[in-house]
Amino acid sequence: MNFWQYLVKRLLHAVPVFVGISLVVFSLIHLIPGDPAIAVLGEQATDEEVNALREEWHLNDPLWQQFGIWLLNILQGDLGRSLHTNQPVSEIIASRLPATAILSGIAIVVSLMIAIPIGIISALKRNSWIDHVARVIAMLGVSIPNFWLGIVFIIIFAVHLGWLPPGGYHFSKGFWAGMEGMILPAVALGAAYAAITTRMMRSSMLEVLRQEYIETARAKGLSEPRVIRLHAVKNAIIPTITVIGMQIGYLLSGAVLTETIFFMPGVGRELITALSKRDFPIIQGLILFFALVFVVTSIIVDLSYAFFNPKIEYS
Amino acid sequence: MATPDLAEPIVAEDSQPRRGQFRLFVDAFIANRLAVLGLVLVLIAVFAGVTADWIAPQDPNAQNLARRLEPPSADYLLGTDQYGRDLLSRILHGTQVSLAVGFFSIVIATGFGVLFGGIAGYLGGIIDDIVMRIMDVFLAFPALILAIGILAVLGPSVGNVITVIAVVSIPQIARVTRSAVLTQKEEEYVQAARVIGLPVHVRLFKHVLLNCLAPITVQATLLVAWAILTETALSFLGLGVRPPTPTWGTILFEGKDYILLNIWWMSLFPGVAIMLTMLGLNFLGDGLRDALDPKVRTD
């Protein structure tokens with residue numbers, strides 16, 4: 001099988017997963033005990049309002065038909081409308097996306113800049129004090145809840161020292177003001193990511209350094225820095241990138257909490273706001289969106305892994 | 001199908017003929033200082049949770065508005081909250097609830113996950129396909145997001161949090177169990193059991209799964225850490241356990257409004273409790289994995 005056949009196969013494999021995801025998100029509204037329309041609108045809603053919503057959501061049709069309509073709609077990008085503002089859900093997501101994208105992007109870049117060098121050094125100086133310190137810090141990073149780290153950052157750097165704003169999205173006041181507001185949330189969100197990446201980079205490096213081609217490279221007289229740079233790091237980084245991609249779900253979950261603490265107008269905080277208003281079309285739309293981002297990322301990760309690693313079998 | 005008792009025969013049969021293996025495991029575990037530290041941290045947390053009713057200096061829900069929002073002092077070692085409740089007592093009782101949620105949700109998830117993963121892996125074919133495709137769908141959601149979605153519908157309560165965390169953890173256990181079963185079922189002892197005519201459920205539950213305990217235990221330990229973190233996050237967002245029930249998450253939830261007023265103790269101390277427990281569980285999980293893996297052990 002060549003790369004393109006593998007690509008088609010991987011995409012086809014994603015179809016039933018996509019249908020399953022839609023089914024789960026669709027079912028959420030039907031898990032509500034009692035009539036979903038009354039549950040959503042509240043007991044004080046008039047019969048007219050309830051009937052209108054039942055009509056709009058096709059609640060009088062058989063379930064399979066409801067699901068069919070819902071699936072067709074989302075395939076056309078129609079995720080419904082907010083119960084409160086009547087704004088299309090897809091527009092709401094689009095308007096909240098930049099904050100989340102910038103936050104996650106900075107978090108990933110910062111965490112990689114920290115994690116990859118530390119992972120490499122940690123592996124090269126295995127069992128030295130640097131290695132021990134790095135491993136303990138990495139374990140701390142995995143063990144600290146990112147939202148609590150965010151709170152601690154606010155207490156120290158915003159409340160006590162007054163160095164940075166305690167949150168908010170300030171890009172309307174200019175690029176640097178916006179970036180300043182991103183420092184605390186991005187570091188809080190990226191810390192655990194950095195920890196996971198450090199651990200992966202370290203074990204991946206150790207694995208590569210055991211391989212015979214490293215010995216071969218040394219034997220043919222390459223200097224040690226060149227062996228590390230050209231042979232070890234290059235090969236160790238492939239599985240690390242895979243792990244980074246697979247952790248995107250973690251990053252999305254973390255964004256919900258981080259955005260809530262730092263009052264960022266992103267998709268994560270929108271989910272929590274919609275929950276408090278019981279605005280179910282937004283809740284469903286966002287959960288579907290998060291799952292799709294997760295699925296698409298894992299496809300890209302799989303494909304890039306296959307693309308960059310010629311040894312892999314496409315199966 | 002018969003419902004075999006999973007716990008009993010496994011322990012009874014496992015400890016006798018494999019005592020040598022068990023000694024090797026214990027020796028390897030004790031030699032790993034971080035693993036022992038992890039075990040100690042977890043035991044301290046469990047002790048604090050179990051004995052909270054006796055060791056907590058005050059009733060965790062007793063209000064004393066005259067002494068609200070006091071910083072740590074000799075009277076209140078970790079300070080008081082917005083109702084003048086003793087924070088130390090609330091954190092100790094919170095340990096009880098948070099650990100219970102983490103533990104029970106993963107016990108339930110392990111039960112179902114081992115059942116699904118075991119059956120899928122051992123029977124293979126169409127059953128394997130159906131079960132694992134369903135698991136794939138659940139794994140396609142970021143777990144916390146799926147938990148938030150289900151809780152949005154079910155409403156916040158301790159029982160619902162346990163249910164939701166269990167549901168989103170089942171696929172993880174199922175996947176680990178399935179791949180362990182796939183390796184085990186090719187082993188000679190399984191062929192032998194089939195040849196002497198043991199029925200399929202006996203082969204699967206008494207023989208194959210018994211030998212899959214190591215990866216399942218490791219995964220479950222790490223999942224307990226994840227479950228506790230998730231409970232904390234959900235309660236912090238106001239979706240999980242609700243105040244006044246103390247959990248680490250609800251205390252952080254209540255402390256959230258006071259961060260900018262410099263009432264740092266309400267947010268700091270519950271987080272330290274979480275961090276130490278997570279460290280303990282992660283060190284313990286890693287230590288178990290290394291000690292149970294014969295390849296690492298002989299290194």
# chains A, B, ... in the order shown; residues from 1 in each chain; ligands from 1
call {"tool": "interface_residues", "arguments": {"of": "chain B", "to": "chain A", "cutoff": "8 Å", "atoms": "only C-alpha atoms", "output": "JSON, numbers by chain"}}
result
{"B": [133, 134, 136, 137, 138, 140, 141, 142, 143, 144, 145, 146, 149, 150, 152, 153, 154, 229, 233, 237, 259, 260, 262, 264, 267, 268, 271, 274, 275, 276, 278, 279, 282]}
call {"tool": "write_last_selection", "arguments": {"atoms": "N, CA, C and O atoms", "output": "CSV table (one decimal), in the first residue's frame"}}
result
chain,number,residue,atom,x,y,z
B,133,ARG,N,-15.1,-0.4,17.8
B,133,ARG,CA,-15.6,0.8,17.1
B,133,ARG,C,-16.3,1.7,18.0
B,133,ARG,O,-16.2,2.9,18.0
B,134,ILE,N,-17.2,1.1,18.9
B,134,ILE,CA,-17.9,1.9,19.9
B,134,ILE,C,-16.9,2.6,20.8
B,134,ILE,O,-17.0,3.8,21.1
B,136,ASP,N,-13.9,3.4,20.1
B,136,ASP,CA,-13.2,4.4,19.3
B,136,ASP,C,-14.0,5.7,19.3
B,136,ASP,O,-13.4,6.8,19.4
B,137,VAL,N,-15.3,5.6,19.2
B,137,VAL,CA,-16.2,6.8,19.2
B,137,VAL,C,-16.0,7.6,20.5
B,137,VAL,O,-15.8,8.8,20.5
B,138,PHE,N,-16.0,6.8,21.6
B,138,PHE,CA,-15.8,7.5,22.9
B,138,PHE,C,-14.4,8.1,23.1
B,138,PHE,O,-14.3,9.1,23.7
B,140,ALA,N,-12.8,9.3,20.8
B,140,ALA,CA,-12.6,10.4,19.9
B,140,ALA,C,-13.0,11.8,20.6
B,140,ALA,O,-12.8,12.8,20.0
B,141,PHE,N,-13.6,11.7,21.7
B,141,PHE,CA,-13.9,12.9,22.5
B,141,PHE,C,-12.8,13.2,23.5
B,141,PHE,O,-12.3,12.3,24.1
B,142,PRO,N,-12.3,14.5,23.6
B,142,PRO,CA,-11.5,14.8,24.8
B,142,PRO,C,-12.3,14.4,26.0
B,142,PRO,O,-13.5,14.8,26.1
B,143,ALA,N,-11.7,13.6,26.9
B,143,ALA,CA,-12.5,13.0,28.0
B,143,ALA,C,-13.2,14.0,28.9
B,143,ALA,O,-14.4,13.8,29.2
B,144,LEU,N,-12.5,15.1,29.2
B,144,LEU,CA,-13.2,16.1,30.1
B,144,LEU,C,-14.4,16.7,29.4
B,144,LEU,O,-15.4,17.0,30.0
B,145,ILE,N,-14.2,17.0,28.1
B,145,ILE,CA,-15.3,17.6,27.3
B,145,ILE,C,-16.6,16.7,27.3
B,145,ILE,O,-17.7,17.2,27.5
B,146,LEU,N,-16.3,15.4,27.1
B,146,LEU,CA,-17.5,14.5,27.1
B,146,LEU,C,-18.1,14.4,28.4
B,146,LEU,O,-19.3,14.4,28.6
B,149,GLY,N,-20.2,17.4,28.9
B,149,GLY,CA,-21.5,17.3,28.1
B,149,GLY,C,-22.5,16.4,28.8
B,149,GLY,O,-23.7,16.8,28.9
B,150,ILE,N,-22.1,15.2,29.3
B,150,ILE,CA,-23.0,14.3,29.9
B,150,ILE,C,-23.5,14.9,31.2
B,150,ILE,O,-24.7,14.9,31.6
B,152,ALA,N,-23.9,18.1,31.9
B,152,ALA,CA,-24.8,19.2,31.6
B,152,ALA,C,-26.2,18.6,31.5
B,152,ALA,O,-27.1,19.3,31.9
B,153,VAL,N,-26.3,17.4,31.0
B,153,VAL,CA,-27.6,16.8,30.9
B,153,VAL,C,-28.1,16.2,32.2
B,153,VAL,O,-29.2,16.4,32.6
B,154,LEU,N,-27.2,15.5,32.9
B,154,LEU,CA,-27.6,14.7,34.1
B,154,LEU,C,-27.8,15.7,35.3
B,154,LEU,O,-28.5,15.4,36.2
B,229,LEU,N,-8.4,14.2,39.3
B,229,LEU,CA,-8.2,15.5,38.7
B,229,LEU,C,-9.5,16.0,38.0
B,229,LEU,O,-9.8,17.2,38.0
B,233,ALA,N,-11.7,19.2,38.6
B,233,ALA,CA,-12.0,20.2,37.5
B,233,ALA,C,-13.5,20.4,37.3
B,233,ALA,O,-13.9,21.6,37.2
B,237,LEU,N,-15.6,23.9,38.1
B,237,LEU,CA,-16.4,24.5,37.1
B,237,LEU,C,-17.9,24.6,37.6
B,237,LEU,O,-18.7,25.2,36.9
B,259,ILE,N,-9.9,35.3,44.8
B,259,ILE,CA,-8.5,35.3,44.4
B,259,ILE,C,-8.0,36.7,44.3
B,259,ILE,O,-6.9,37.1,44.9
B,260,LEU,N,-8.7,37.6,43.6
B,260,LEU,CA,-8.3,38.9,43.4
B,260,LEU,C,-8.3,39.8,44.7
B,260,LEU,O,-7.7,40.9,44.7
B,262,ASN,N,-6.9,38.8,47.3
B,262,ASN,CA,-5.8,38.3,48.0
B,262,ASN,C,-6.1,37.3,49.1
B,262,ASN,O,-5.3,37.2,50.0
B,264,TRP,N,-5.6,34.2,49.4
B,264,TRP,CA,-4.9,33.1,48.7
B,264,TRP,C,-5.0,31.7,49.3
B,264,TRP,O,-4.9,30.7,48.7
B,267,SER,N,-7.4,29.1,47.9
B,267,SER,CA,-7.1,28.5,46.6
B,267,SER,C,-5.8,27.7,46.7
B,267,SER,O,-5.6,26.7,46.0
B,268,LEU,N,-4.9,28.1,47.6
B,268,LEU,CA,-3.6,27.4,47.6
B,268,LEU,C,-3.6,26.0,48.2
B,268,LEU,O,-3.1,25.1,47.6
B,271,GLY,N,-5.1,22.9,46.5
B,271,GLY,CA,-4.3,22.6,45.3
B,271,GLY,C,-3.1,21.8,45.7
B,271,GLY,O,-2.6,20.8,45.1
B,274,ILE,N,-4.1,18.3,46.3
B,274,ILE,CA,-4.3,17.6,45.0
B,274,ILE,C,-2.9,17.2,44.4
B,274,ILE,O,-2.7,16.1,44.0
B,275,MET,N,-2.0,18.2,44.4
B,275,MET,CA,-0.7,18.0,43.8
B,275,MET,C,0.0,16.8,44.5
B,275,MET,O,0.6,15.9,43.8
B,276,LEU,N,0.0,16.7,45.8
B,276,LEU,CA,0.7,15.7,46.5
B,276,LEU,C,0.1,14.3,46.2
B,276,LEU,O,0.8,13.3,46.0
B,278,MET,N,-1.7,13.5,43.5
B,278,MET,CA,-1.4,13.2,42.1
B,278,MET,C,0.1,12.7,42.0
B,278,MET,O,0.3,11.7,41.3
B,279,LEU,N,1.0,13.4,42.6
B,279,LEU,CA,2.4,12.9,42.6
B,279,LEU,C,2.5,11.5,43.1
B,279,LEU,O,3.1,10.7,42.4
B,282,ASN,N,1.0,9.1,40.5
B,282,ASN,CA,1.8,8.9,39.3
B,282,ASN,C,3.1,8.2,39.6
B,282,ASN,O,3.5,7.3,38.8
call {"tool": "select_by_dssp", "arguments": {"residues": "stretch 29-137 of chain A", "states": "alpha helix (DSSP H)", "output": "number ranges by chain"}}
result
A: 29-31, 36-41, 47-56, 63-75, 89-124, 129-137
call {"tool": "closest_residue", "arguments": {"among": "A:Arg202, A:Met179, A:Trp57, A:Ala52", "to": "A:Pro117", "atoms": "only C-alpha atoms"}}
result
A:Arg202
call {"tool": "residues_around", "arguments": {"residues": "B:Gly238", "least_positions_apart": "2", "cutoff": "9 Å", "atoms": "only C-alpha atoms", "output": "ChimeraX atom specification"}}
result
/B:156,233-236,240-243,249-250,253
call {"tool": "write_last_selection", "arguments": {"atoms": "N, CA, C and O atoms", "output": "compact mmCIF listing (two decimals), in the first residue's frame"}}
result
# COMPACT_ATOMS: atom_id res chain seq x y z
N PRO B 156 -25.56 18.21 38.31
CA PRO B 156 -24.45 17.94 39.22
C PRO B 156 -24.88 17.15 40.47
O PRO B 156 -25.87 17.49 41.09
N ALA B 233 -11.70 19.23 38.56
CA ALA B 233 -11.98 20.20 37.50
C ALA B 233 -13.48 20.42 37.34
O ALA B 233 -13.94 21.55 37.23
N LEU B 234 -14.25 19.32 37.34
CA LEU B 234 -15.70 19.44 37.16
C LEU B 234 -16.33 20.22 38.31
O LEU B 234 -17.17 21.09 38.10
N SER B 235 -15.91 19.91 39.54
CA SER B 235 -16.48 20.61 40.69
C SER B 235 -16.05 22.08 40.69
O SER B 235 -16.81 22.96 41.06
N PHE B 236 -14.81 22.32 40.25
CA PHE B 236 -14.31 23.69 40.17
C PHE B 236 -15.15 24.50 39.18
O PHE B 236 -15.41 25.68 39.38
N GLY B 240 -19.70 19.53 38.97
CA GLY B 240 -19.56 18.23 39.60
C GLY B 240 -20.28 18.19 40.94
O GLY B 240 -21.48 18.38 41.00
N VAL B 241 -19.51 17.95 41.99
CA VAL B 241 -20.07 17.96 43.34
C VAL B 241 -20.39 19.41 43.69
O VAL B 241 -19.67 20.33 43.32
N ARG B 242 -21.51 19.64 44.39
CA ARG B 242 -21.91 21.00 44.70
C ARG B 242 -21.59 21.35 46.15
O ARG B 242 -21.67 20.50 47.03
N PRO B 243 -21.23 22.62 46.41
CA PRO B 243 -21.11 23.08 47.77
C PRO B 243 -22.48 22.91 48.46
O PRO B 243 -23.50 22.96 47.76
N GLY B 249 -12.26 20.13 44.74
CA GLY B 249 -12.80 20.96 43.66
C GLY B 249 -13.77 22.02 44.17
O GLY B 249 -13.73 23.17 43.74
N THR B 250 -14.69 21.64 45.08
CA THR B 250 -15.66 22.63 45.55
C THR B 250 -14.99 23.71 46.39
O THR B 250 -15.41 24.87 46.36
N PHE B 253 -13.60 25.98 43.96
CA PHE B 253 -14.72 26.69 43.33
C PHE B 253 -15.14 27.88 44.21
O PHE B 253 -15.36 28.99 43.72
call {"tool": "atom_distance", "arguments": {"atom1": "atom CA of A:Leu209", "atom2": "atom CA of A:Ser122"}}
result
12.6 Å
call {"tool": "closest_residue", "arguments": {"among": "A:Gln66, A:Asn86, A:Gln5, A:Ser104", "to": "A:Val187", "atoms": "only C-alpha atoms"}}
result
A:Ser104
call {"tool": "residues_around", "arguments": {"residues": "stretch 232-244 of chain A", "least_positions_apart": "2", "cutoff": "7 Å", "atoms": "only C-alpha atoms", "output": "ChimeraX atom specification"}}
result
/A:197,200-201,204-205,208-209,227-230,246-248,301,305
call {"tool": "residues_around", "arguments": {"residues": "stretch 62-76 of chain B", "least_positions_apart": "3", "cutoff": "9 Å", "atoms": "only C-alpha atoms", "output": "number ranges by chain"}}
result
B: 57-59, 79-88, 263-266
